[in-house]
$ cat input.txt   # compact mmCIF, C-alpha atoms
# COMPACT_ATOMS: atom_id res chain seq x y z
CA MET Z 270 122.45 1.04 -120.38
CA SER Z 271 125.75 0.91 -122.30
CA GLN Z 272 128.35 3.68 -122.12
CA GLU Z 273 127.47 4.65 -125.67
CA GLU Z 274 123.79 4.97 -124.77
CA ILE Z 275 124.63 7.01 -121.67
CA MET Z 276 126.76 9.47 -123.63
CA ASP Z 277 123.94 9.82 -126.18
CA GLU Z 278 121.72 11.37 -123.48
CA LYS Z 279 120.72 14.93 -124.35
CA ILE Z 280 121.43 18.19 -122.48
CA LEU Z 281 119.68 21.51 -123.19
CA VAL Z 282 122.34 24.11 -124.04
CA THR Z 283 122.04 27.67 -125.32
CA ASN Z 284 125.65 28.56 -126.01
CA ILE Z 285 129.26 27.42 -125.73
CA GLN Z 286 131.54 30.41 -125.29
CA ARG Z 287 135.23 29.90 -125.94
CA PHE Z 288 138.22 31.80 -124.54
CA SER Z 289 136.27 33.16 -121.57
CA LEU Z 290 138.58 35.06 -119.22
CA HIS Z 291 136.20 36.28 -116.52
CA GLU Z 292 134.43 33.12 -115.30
CA GLY Z 293 137.27 31.57 -113.37
CA PRO Z 294 141.04 31.22 -113.61
CA GLY Z 295 142.88 30.87 -116.89
CA ILE Z 296 141.31 30.43 -120.31
CA ARG Z 297 137.96 28.70 -120.04
CA THR Z 298 135.19 27.28 -122.18
CA GLN Z 299 131.84 28.36 -120.79
CA CYS Z 300 128.79 26.16 -121.31
CA PHE Z 301 125.41 27.86 -120.80
CA LEU Z 302 122.66 25.44 -119.78
CA LYS Z 303 119.00 26.37 -120.28
CA GLY Z 304 116.53 26.37 -117.41
CA CYS Z 305 116.47 28.19 -114.07
CA SER Z 306 114.68 27.78 -110.74
CA LEU Z 307 114.53 31.56 -110.16
CA ARG Z 308 112.98 34.47 -112.04
CA CYS Z 309 115.26 37.40 -111.25
CA PRO Z 310 113.72 40.48 -112.90
CA TRP Z 311 117.20 41.80 -113.77
CA CYS Z 312 118.61 38.57 -115.27
CA SER Z 313 121.40 39.17 -117.77
CA ASN Z 314 120.79 35.78 -119.45
CA PRO Z 315 116.98 35.67 -119.82
CA GLU Z 316 117.25 33.20 -122.69
CA ASN Z 317 118.26 30.63 -120.07
CA LEU Z 318 115.30 31.06 -117.70
CA ARG Z 319 112.85 28.55 -119.16
CA GLY Z 320 113.72 24.90 -119.58
CA GLN Z 321 112.74 24.44 -123.21
CA PRO Z 322 113.85 25.82 -126.60
CA GLU Z 323 112.28 29.22 -127.31
CA PRO Z 324 111.85 31.38 -130.41
CA TYR Z 325 113.36 34.84 -130.61
CA ILE Z 326 113.60 37.70 -133.08
CA LYS Z 327 116.68 39.91 -132.98
CA ASP Z 328 117.48 42.60 -135.54
CA GLY Z 329 114.76 41.13 -137.73
CA VAL Z 330 116.34 37.67 -137.68
CA LYS Z 331 114.38 34.71 -136.27
CA GLY Z 332 116.08 32.03 -134.26
CA THR Z 333 115.76 29.62 -131.33
CA TYR Z 334 117.38 29.84 -127.92
CA GLY Z 335 118.41 26.38 -126.77
CA LYS Z 336 119.15 23.08 -128.44
CA TYR Z 337 119.53 19.52 -127.21
CA ILE Z 338 123.03 18.10 -127.57
CA SER Z 339 124.29 14.64 -126.63
CA LEU Z 340 126.79 14.30 -123.80
CA ASP Z 341 129.27 12.84 -126.27
CA ASP Z 342 128.99 15.79 -128.64
CA LEU Z 343 129.12 18.23 -125.73
CA TYR Z 344 132.30 16.59 -124.45
CA THR Z 345 133.84 16.92 -127.91
CA GLU Z 346 133.02 20.63 -127.97
CA LEU Z 347 134.33 21.31 -124.47
CA ILE Z 348 137.58 19.42 -124.98
CA LYS Z 349 138.51 21.27 -128.21
CA ASP Z 350 140.32 24.03 -126.30
CA ARG Z 351 142.13 21.74 -123.89
CA LEU Z 352 145.54 22.91 -125.10
CA PHE Z 353 144.73 26.42 -123.90
CA TYR Z 354 143.63 25.41 -120.41
CA GLY Z 355 147.08 24.68 -119.00
CA GLU Z 356 147.89 21.70 -116.83
CA SER Z 357 147.58 20.96 -113.15
CA LYS Z 358 146.41 17.97 -111.14
CA ASN Z 359 146.30 19.91 -107.87
CA PHE Z 360 143.14 21.97 -107.73
CA CYS Z 361 143.31 22.78 -103.99
CA ILE Z 362 143.51 26.46 -103.06
CA ASN Z 363 143.18 28.42 -99.82
CA SER Z 364 143.09 32.08 -100.84
CA ALA Z 365 142.26 34.49 -103.64
CA ALA Z 366 145.97 34.73 -104.43
CA ASP Z 367 146.04 30.97 -104.99
CA MET Z 368 143.51 31.28 -107.85
CA ARG Z 369 146.35 32.13 -110.23
CA LYS Z 370 147.77 28.66 -109.58
CA LEU Z 371 144.71 27.02 -111.09
CA PRO Z 372 144.54 26.03 -114.76
CA GLY Z 373 141.80 27.06 -117.16
CA GLY Z 374 139.05 24.60 -117.91
CA VAL Z 375 135.29 24.36 -118.24
CA THR Z 376 132.71 26.60 -116.55
CA PHE Z 377 129.07 25.54 -116.44
CA SER Z 378 126.65 28.43 -116.26
CA GLY Z 379 123.00 29.14 -116.94
CA GLY Z 380 120.25 29.52 -115.98
CA GLU Z 381 120.81 27.21 -113.03
CA CYS Z 382 123.15 24.45 -114.13
CA LEU Z 383 122.44 22.36 -111.01
CA LEU Z 384 119.04 21.48 -112.51
CA GLN Z 385 120.75 19.23 -115.09
CA MET Z 386 123.36 17.67 -112.79
CA GLU Z 387 121.91 14.17 -112.90
CA GLN Z 388 121.97 14.12 -116.70
CA LEU Z 389 125.41 15.75 -116.74
CA GLU Z 390 127.06 13.33 -114.33
CA PRO Z 391 128.59 10.99 -116.96
CA LEU Z 392 130.12 14.03 -118.68
CA LEU Z 393 131.50 15.35 -115.38
CA ILE Z 394 133.10 11.98 -114.71
CA ARG Z 395 134.73 12.01 -118.13
CA LEU Z 396 136.06 15.56 -117.69
CA ARG Z 397 137.35 14.73 -114.20
CA ASP Z 398 139.12 11.61 -115.43
CA ASN Z 399 140.87 13.79 -118.02
CA HIS Z 400 141.97 16.27 -115.32
CA ILE Z 401 139.85 19.15 -116.65
CA HIS Z 402 139.28 21.83 -114.02
CA MET Z 403 135.53 22.45 -113.62
CA ILE Z 404 133.58 25.41 -112.23
CA ILE Z 405 129.88 26.05 -111.89
CA GLU Z 406 128.01 29.31 -111.40
CA SER Z 407 124.97 28.67 -109.22
CA CYS Z 408 122.23 30.36 -107.22
CA LEU Z 409 121.88 27.11 -105.16
CA PHE Z 410 118.09 27.00 -105.56
CA ALA Z 411 117.99 23.32 -106.46
CA SER Z 412 117.62 19.98 -104.70
CA SER Z 413 120.27 18.75 -102.27
CA LYS Z 414 120.69 15.67 -104.49
CA GLN Z 415 121.65 17.81 -107.47
CA LEU Z 416 124.10 19.81 -105.37
CA SER Z 417 125.58 16.60 -103.95
CA ILE Z 418 126.36 15.39 -107.47
CA ALA Z 419 128.04 18.70 -108.28
CA ILE Z 420 130.14 18.60 -105.10
CA SER Z 421 131.41 15.16 -106.11
CA TYR Z 422 132.97 16.42 -109.35
CA ILE Z 423 133.08 20.22 -109.54
CA ASP Z 424 136.34 21.81 -108.37
CA PHE Z 425 135.23 25.40 -107.72
CA PHE Z 426 131.92 27.18 -107.12
CA TYR Z 427 130.70 30.71 -107.85
CA VAL Z 428 127.64 31.22 -105.65
CA ASP Z 429 125.19 34.12 -105.79
CA ILE Z 430 123.80 35.88 -102.74
CA LYS Z 431 120.74 37.87 -103.76
CA ILE Z 432 117.77 38.56 -101.45
CA MET Z 433 117.95 37.26 -97.88
CA ASP Z 434 114.44 38.09 -96.65
CA GLY Z 435 112.30 34.98 -97.09
CA GLN Z 436 109.11 36.72 -98.20
CA ARG Z 437 110.87 39.03 -100.67
CA CYS Z 438 112.85 36.08 -101.99
CA ARG Z 439 109.57 34.34 -102.82
CA ASP Z 440 107.84 37.44 -104.17
CA VAL Z 441 110.70 38.78 -106.30
CA LEU Z 442 112.72 35.69 -107.24
CA CYS Z 443 110.18 32.87 -106.82
CA GLY Z 444 112.71 31.18 -104.55
CA ASP Z 445 112.63 29.42 -101.18
CA ILE Z 446 115.38 30.91 -99.00
CA SER Z 447 115.43 27.80 -96.76
CA THR Z 448 116.51 25.70 -99.75
CA TYR Z 449 119.33 28.15 -100.41
CA LEU Z 450 120.53 28.15 -96.80
CA LEU Z 451 120.51 24.36 -96.49
CA ASN Z 452 122.47 24.01 -99.72
CA LEU Z 453 124.95 26.68 -98.66
CA ASP Z 454 125.57 24.76 -95.43
CA MET Z 455 126.21 21.60 -97.45
CA LEU Z 456 128.52 23.28 -99.92
CA LEU Z 457 130.67 25.09 -97.37
CA ALA Z 458 130.91 21.93 -95.24
CA SER Z 459 132.31 20.12 -98.30
CA GLY Z 460 135.48 22.23 -98.29
CA LYS Z 461 135.19 23.06 -101.99
CA PRO Z 462 136.44 26.61 -102.75
CA VAL Z 463 133.67 29.19 -103.10
CA VAL Z 464 133.54 32.73 -104.43
CA PHE Z 465 130.44 34.68 -103.46
CA ARG Z 466 128.93 36.90 -106.15
CA ILE Z 467 126.55 39.58 -104.92
CA PRO Z 468 124.50 41.39 -107.60
CA VAL Z 469 123.74 44.95 -106.48
CA ILE Z 470 120.48 45.80 -108.25
CA GLY Z 471 118.62 49.07 -107.78
CA GLY Z 472 115.30 48.55 -105.99
CA TYR Z 473 115.89 44.84 -105.38
CA THR Z 474 119.14 43.98 -103.58
CA ASP Z 475 120.77 47.34 -102.84
CA ASP Z 476 118.79 48.37 -99.74
CA ASN Z 477 120.52 48.68 -96.38
CA ASP Z 478 118.49 45.90 -94.74
CA ASN Z 479 119.50 43.39 -97.40
CA GLN Z 480 123.13 44.48 -97.18
CA ILE Z 481 123.12 43.92 -93.42
CA GLU Z 482 121.57 40.45 -93.78
CA VAL Z 483 124.07 39.44 -96.48
CA VAL Z 484 126.99 40.52 -94.31
CA ARG Z 485 125.47 38.66 -91.34
CA LEU Z 486 125.17 35.51 -93.47
CA ILE Z 487 128.81 35.66 -94.55
CA LYS Z 488 130.02 36.31 -91.02
CA ARG Z 489 128.14 33.21 -89.89
CA TYR Z 490 130.60 31.21 -92.00
CA GLY Z 491 133.61 33.19 -90.82
CA ASN Z 492 135.55 30.03 -89.96
CA SER Z 493 135.05 28.49 -93.41
CA LYS Z 494 138.49 28.76 -94.97
CA ASN Z 495 137.07 27.77 -98.36
CA ILE Z 496 135.37 31.16 -98.92
CA ILE Z 497 137.99 32.57 -101.26
CA LYS Z 498 136.63 36.05 -101.96
CA ILE Z 499 133.52 38.18 -102.50
CA GLU Z 500 132.66 39.81 -105.82
CA LEU Z 501 130.27 42.75 -105.63
CA MET Z 502 128.56 42.94 -109.04
CA LYS Z 503 127.23 46.36 -110.01
CA GLU Z 504 123.95 46.44 -111.95
CA HIS Z 505 124.20 46.57 -115.75
CA CYS Z 506 121.76 46.26 -118.61
CA LEU Z 507 123.75 44.09 -121.04
CA GLY Z 508 120.94 41.55 -121.19
CA MET Z 509 118.31 44.00 -122.43
CA GLU Z 510 118.60 43.09 -126.11
CA LYS Z 511 118.02 39.43 -125.28
CA TRP Z 512 114.96 40.36 -123.21
CA LYS Z 513 113.62 42.31 -126.21
CA SER Z 514 114.34 39.41 -128.58
CA LEU Z 515 112.23 37.12 -126.37
CA LYS Z 516 109.50 39.72 -125.88
CA ALA Z 517 109.18 39.99 -129.67
CA CYS Z 518 107.88 36.40 -129.71
CA ASP Z 519 105.35 36.63 -126.87
CA ASP Z 520 102.47 36.12 -129.30
CA LYS Z 521 103.99 32.87 -130.60
CA ARG Z 522 103.90 31.02 -127.26
CA SER Z 523 101.07 28.52 -126.93
CA ASN Z 524 101.06 28.72 -123.12
CA ASN Z 525 100.38 32.49 -123.06
CA GLU Z 526 103.58 33.16 -121.07
CA THR Z 527 105.03 36.60 -121.66
CA TYR Z 528 108.25 38.40 -120.79
CA GLN Z 529 108.35 41.60 -118.74
CA LEU Z 530 111.25 43.87 -119.74
CA PRO Z 531 113.51 44.84 -116.82
CA ASP Z 532 113.17 48.29 -115.29
CA TYR Z 533 116.80 49.04 -114.48
CA LYS Z 534 117.03 51.79 -111.87
CA GLY Z 535 120.79 52.00 -111.54
CA VAL Z 536 123.05 51.90 -108.48
CA SER Z 537 125.21 54.81 -107.31
CA GLU Z 538 128.92 54.54 -106.59
CA ASP Z 539 128.17 55.65 -103.02
CA ILE Z 540 125.97 52.58 -102.48
CA MET Z 541 128.63 50.32 -103.96
CA GLN Z 542 131.25 51.78 -101.63
CA GLN Z 543 128.97 51.50 -98.59
CA TYR Z 544 128.30 47.85 -99.41
CA TYR Z 545 132.01 47.24 -99.96
CA ASP Z 546 132.85 48.73 -96.55
CA LYS Z 547 130.29 46.50 -94.81
CA LEU Z 548 131.61 43.39 -96.55
CA ALA Z 549 135.21 44.28 -95.74
CA GLU Z 550 134.30 43.75 -92.07
CA THR Z 551 134.03 40.00 -92.76
CA GLY Z 552 137.78 39.78 -93.31
CA ILE Z 553 137.27 38.11 -96.68
CA PRO Z 554 138.79 39.84 -99.75
CA VAL Z 555 136.19 41.95 -101.59
CA GLU Z 556 136.26 43.10 -105.21
CA ILE Z 557 133.87 45.52 -106.91
CA CYS Z 558 133.07 44.29 -110.43
CA ARG Z 559 131.77 46.74 -113.00
CA VAL Z 560 130.96 46.02 -116.64
$ encode --input "input.txt" --output "structure tokens"
Amino acid sequence: MSQEEIMDEKILVTNIQRFSLHEGPGIRTQCFLKGCSLRCPWCSNPENLRGQPEPYIKDGVKGTYGKYISLDDLYTELIKDRLFYGESKNFCINSAADMRKLPGGVTFSGGECLLQMEQLEPLLIRLRDNHIHMIIESCLFASSKQLSIAISYIDFFYVDIKIMDGQRCRDVLCGDISTYLLNLDMLLASGKPVVFRIPVIGGYTDDNDNQIEVVRLIKRYGNSKNIIKIELMKEHCLGMEKWKSLKACDDKRSNNETYQLPDYKGVSEDIMQQYYDKLAETGIPVEICRV
């Protein structure tokens, strides 16, 4: 296959968000890929859960979440803001304070962006060769092959820690915790910098048992100098309108799949502080993130 044919391969994207300031250092262009291996009931980007274009109705307006775009066209879109990224060819950091040394760049999000790593690889090579700093946001529920491709090119990883109990992980998230743990071992062994993001969701991830297991997991990797910091993400309901826009089209799906609207229970400040105090025992910098 020629280079032109390779770059004409299609990727399923829902949105390209410019001038993003909260998904990594500097000014970034965030690319949302459609399709996820989990089904988190609280997801703030439900339009990215299923790996195909989907109809929606929002404020009486019909539309479609997701479109296929060639790697060449996607590269053109991502590179438009290159002047705002800043320049650096040294992407190695050892602490949270070092993050300010990094340039802006491109952040791949989702859904689970690892699911499209094989198709994305030619684009990642092109971005790397042009010294564009790259980040992915991942839950790590994907194959080791897909993660291996990401490790080869991605400079920085945001990694979720959600539910540690194996049975609850299957029942609530539809995930296999053993896959997560094996991938986490691989990623941390690679030396690539990692920021842990821990969603604190009422009735799902906020209980004391889960907190204890999360802290135990992080302490297990206490000697991994590439864990840069921990972000404790307080529950919010900013995705509700997107859930409703998908729910409005339940009757238009030929496969009879439906969407269940989230039942947000809320999380108290006391729970957030208790969780923060437990995580502080790891010796890794902790930040509470509220929307």
$ closest_residue --input "input.txt" --among "Z:Cys382, Z:Leu392, Z:Glu323, Z:Phe353" --to "Z:Leu290" --atoms "all atoms listed in the file"
Z:Phe353
$ residues_around --input "input.txt" --residues "Z:Glu346" --least-positions-apart "6" --cutoff "12 Å" --atoms "all atoms listed in the file" --output "PyMOL selection string"
chain Z and resi 282+284-287+298-300+338-340+375+392+396
$ residues_near_point --input "input.txt" --point "(119.5, 49.0, -117.8)" --cutoff "6 Å" --atoms "all atoms listed in the file" --output "PDB file with C-alpha atoms, in the frame of the given file"
ATOM      1  CA  HIS Z 505     124.200  46.570-115.750  1.00  0.00           C
ATOM      2  CA  CYS Z 506     121.760  46.260-118.610  1.00  0.00           C
ATOM      3  CA  TYR Z 533     116.800  49.040-114.480  1.00  0.00           C
TER       4      TYR Z 533
END
$ closest_residue --input "input.txt" --among "Z:Asp539, Z:Asp350, Z:Asp476, Z:Glu500" --to "Z:Val428" --atoms "all atoms listed in the file"
Z:Glu500
$ residues_around --input "input.txt" --residues "Z:Tyr427" --least-positions-apart "3" --cutoff "7 Å" --atoms "only C-alpha atoms" --output "list in words"
Ile405, Glu406, Ser407, Val463, Val464, Phe465 and Arg466 of chain Z
$ closest_residue --input "input.txt" --among "Z:Leu389, Z:Cys558, Z:Cys305, Z:Leu384" --to "Z:Asp277" --atoms "only C-alpha atoms"
Z:Leu389
$ atom_distance --input "input.txt" --atom1 "atom CA of Z:Phe301" --atom2 "atom CA of Z:Tyr422"
17.9 Å
$ closest_residue --input "input.txt" --among "Z:Asn477, Z:Ser289, Z:Gln529, Z:Asn363" --to "Z:Ile432" --atoms "all atoms listed in the file"
Z:Asn477
$ residues_near_point --input "input.txt" --point "(145.6, 29.1, -109.0)" --cutoff "12 Å" --atoms "all atoms listed in the file" --output "MDAnalysis selection string"
chainID Z and resid 293:295 355:374 402 424:425 462 497
$ closest_residue --input "input.txt" --among "Z:Lys279, Z:Lys327, Z:Arg395, Z:Arg319" --to "Z:Leu347" --atoms "all atoms listed in the file"
Z:Arg395
$ decode --input "input.txt" --residues "stretch 426-458 of chain Z" --atoms "N, CA and C atoms" --output "JSON list (two decimals), in the first residue's frame"
[["chain", "number", "residue", "atom", "x", "y", "z"],
["Z", 426, "PHE", "N", 0.59, 10.05, 29.21],
["Z", 426, "PHE", "CA", -0.65, 9.29, 29.36],
["Z", 426, "PHE", "C", -1.47, 9.78, 30.57],
["Z", 427, "TYR", "N", -2.75, 10.07, 30.33],
["Z", 427, "TYR", "CA", -3.72, 10.20, 31.42],
["Z", 427, "TYR", "C", -4.44, 8.86, 31.53],
["Z", 428, "VAL", "N", -4.42, 8.26, 32.71],
["Z", 428, "VAL", "CA", -4.98, 6.93, 32.89],
["Z", 428, "VAL", "C", -6.02, 6.95, 34.01],
["Z", 429, "ASP", "N", -7.20, 6.44, 33.73],
["Z", 429, "ASP", "CA", -8.26, 6.36, 34.73],
["Z", 429, "ASP", "C", -8.03, 5.19, 35.68],
["Z", 430, "ILE", "N", -8.44, 5.39, 36.94],
["Z", 430, "ILE", "CA", -8.60, 4.28, 37.88],
["Z", 430, "ILE", "C", -10.05, 4.37, 38.36],
["Z", 431, "LYS", "N", -10.83, 3.34, 38.12],
["Z", 431, "LYS", "CA", -12.27, 3.43, 38.38],
["Z", 431, "LYS", "C", -12.73, 2.47, 39.47],
["Z", 432, "ILE", "N", -13.02, 1.23, 39.12],
["Z", 432, "ILE", "CA", -13.50, 0.23, 40.07],
["Z", 432, "ILE", "C", -12.51, -0.92, 40.11],
["Z", 433, "MET", "N", -11.96, -1.21, 41.30],
["Z", 433, "MET", "CA", -10.90, -2.20, 41.41],
["Z", 433, "MET", "C", -11.42, -3.61, 41.64],
["Z", 434, "ASP", "N", -12.58, -3.78, 42.23],
["Z", 434, "ASP", "CA", -13.13, -5.11, 42.45],
["Z", 434, "ASP", "C", -13.49, -5.75, 41.10],
["Z", 435, "GLY", "N", -13.00, -6.96, 40.87],
["Z", 435, "GLY", "CA", -13.17, -7.60, 39.57],
["Z", 435, "GLY", "C", -14.62, -7.82, 39.18],
["Z", 436, "GLN", "N", -15.44, -8.32, 40.13],
["Z", 436, "GLN", "CA", -16.84, -8.59, 39.83],
["Z", 436, "GLN", "C", -17.61, -7.31, 39.55],
["Z", 437, "ARG", "N", -17.38, -6.29, 40.37],
["Z", 437, "ARG", "CA", -18.09, -5.01, 40.17],
["Z", 437, "ARG", "C", -17.61, -4.33, 38.89],
["Z", 438, "CYS", "N", -16.34, -4.52, 38.55],
["Z", 438, "CYS", "CA", -15.83, -3.95, 37.31],
["Z", 438, "CYS", "C", -16.58, -4.56, 36.12],
["Z", 439, "ARG", "N", -16.81, -5.87, 36.16],
["Z", 439, "ARG", "CA", -17.58, -6.52, 35.09],
["Z", 439, "ARG", "C", -19.04, -6.07, 35.10],
["Z", 440, "ASP", "N", -19.65, -6.07, 36.29],
["Z", 440, "ASP", "CA", -21.08, -5.79, 36.38],
["Z", 440, "ASP", "C", -21.42, -4.34, 36.04],
["Z", 441, "VAL", "N", -20.60, -3.41, 36.50],
["Z", 441, "VAL", "CA", -20.90, -1.98, 36.34],
["Z", 441, "VAL", "C", -20.31, -1.43, 35.05],
["Z", 442, "LEU", "N", -19.07, -1.79, 34.74],
["Z", 442, "LEU", "CA", -18.36, -1.18, 33.61],
["Z", 442, "LEU", "C", -18.28, -2.07, 32.38],
["Z", 443, "CYS", "N", -18.60, -3.36, 32.54],
["Z", 443, "CYS", "CA", -18.40, -4.34, 31.47],
["Z", 443, "CYS", "C", -16.92, -4.49, 31.13],
["Z", 444, "GLY", "N", -16.06, -4.39, 32.15],
["Z", 444, "GLY", "CA", -14.63, -4.48, 31.94],
["Z", 444, "GLY", "C", -13.99, -5.63, 32.67],
["Z", 445, "ASP", "N", -12.85, -6.09, 32.17],
["Z", 445, "ASP", "CA", -12.07, -7.16, 32.78],
["Z", 445, "ASP", "C", -10.88, -6.52, 33.50],
["Z", 446, "ILE", "N", -10.91, -6.55, 34.84],
["Z", 446, "ILE", "CA", -9.87, -5.86, 35.61],
["Z", 446, "ILE", "C", -8.49, -6.44, 35.35],
["Z", 447, "SER", "N", -8.39, -7.72, 34.98],
["Z", 447, "SER", "CA", -7.08, -8.32, 34.70],
["Z", 447, "SER", "C", -6.44, -7.67, 33.48],
["Z", 448, "THR", "N", -7.24, -7.34, 32.48],
["Z", 448, "THR", "CA", -6.73, -6.63, 31.30],
["Z", 448, "THR", "C", -6.14, -5.28, 31.72],
["Z", 449, "TYR", "N", -6.88, -4.57, 32.55],
["Z", 449, "TYR", "CA", -6.42, -3.27, 33.04],
["Z", 449, "TYR", "C", -5.08, -3.40, 33.77],
["Z", 450, "LEU", "N", -4.98, -4.35, 34.69],
["Z", 450, "LEU", "CA", -3.78, -4.48, 35.51],
["Z", 450, "LEU", "C", -2.57, -4.88, 34.67],
["Z", 451, "LEU", "N", -2.75, -5.77, 33.71],
["Z", 451, "LEU", "CA", -1.64, -6.14, 32.83],
["Z", 451, "LEU", "C", -1.17, -4.96, 32.00],
["Z", 452, "ASN", "N", -2.11, -4.18, 31.50],
["Z", 452, "ASN", "CA", -1.74, -3.01, 30.70],
["Z", 452, "ASN", "C", -1.07, -1.93, 31.56],
["Z", 453, "LEU", "N", -1.54, -1.79, 32.79],
["Z", 453, "LEU", "CA", -0.92, -0.80, 33.68],
["Z", 453, "LEU", "C", 0.53, -1.19, 33.97],
["Z", 454, "ASP", "N", 0.77, -2.48, 34.20],
["Z", 454, "ASP", "CA", 2.15, -2.96, 34.38],
["Z", 454, "ASP", "C", 3.01, -2.58, 33.17],
["Z", 455, "MET", "N", 2.48, -2.83, 31.97],
["Z", 455, "MET", "CA", 3.24, -2.55, 30.75],
["Z", 455, "MET", "C", 3.52, -1.05, 30.61],
["Z", 456, "LEU", "N", 2.52, -0.25, 30.86],
["Z", 456, "LEU", "CA", 2.69, 1.19, 30.68],
["Z", 456, "LEU", "C", 3.70, 1.76, 31.67],
["Z", 457, "LEU", "N", 3.58, 1.41, 32.94],
["Z", 457, "LEU", "CA", 4.49, 1.97, 33.93],
["Z", 457, "LEU", "C", 5.91, 1.45, 33.74],
["Z", 458, "ALA", "N", 6.05, 0.23, 33.23],
["Z", 458, "ALA", "CA", 7.39, -0.31, 32.94],
["Z", 458, "ALA", "C", 8.05, 0.42, 31.78]]
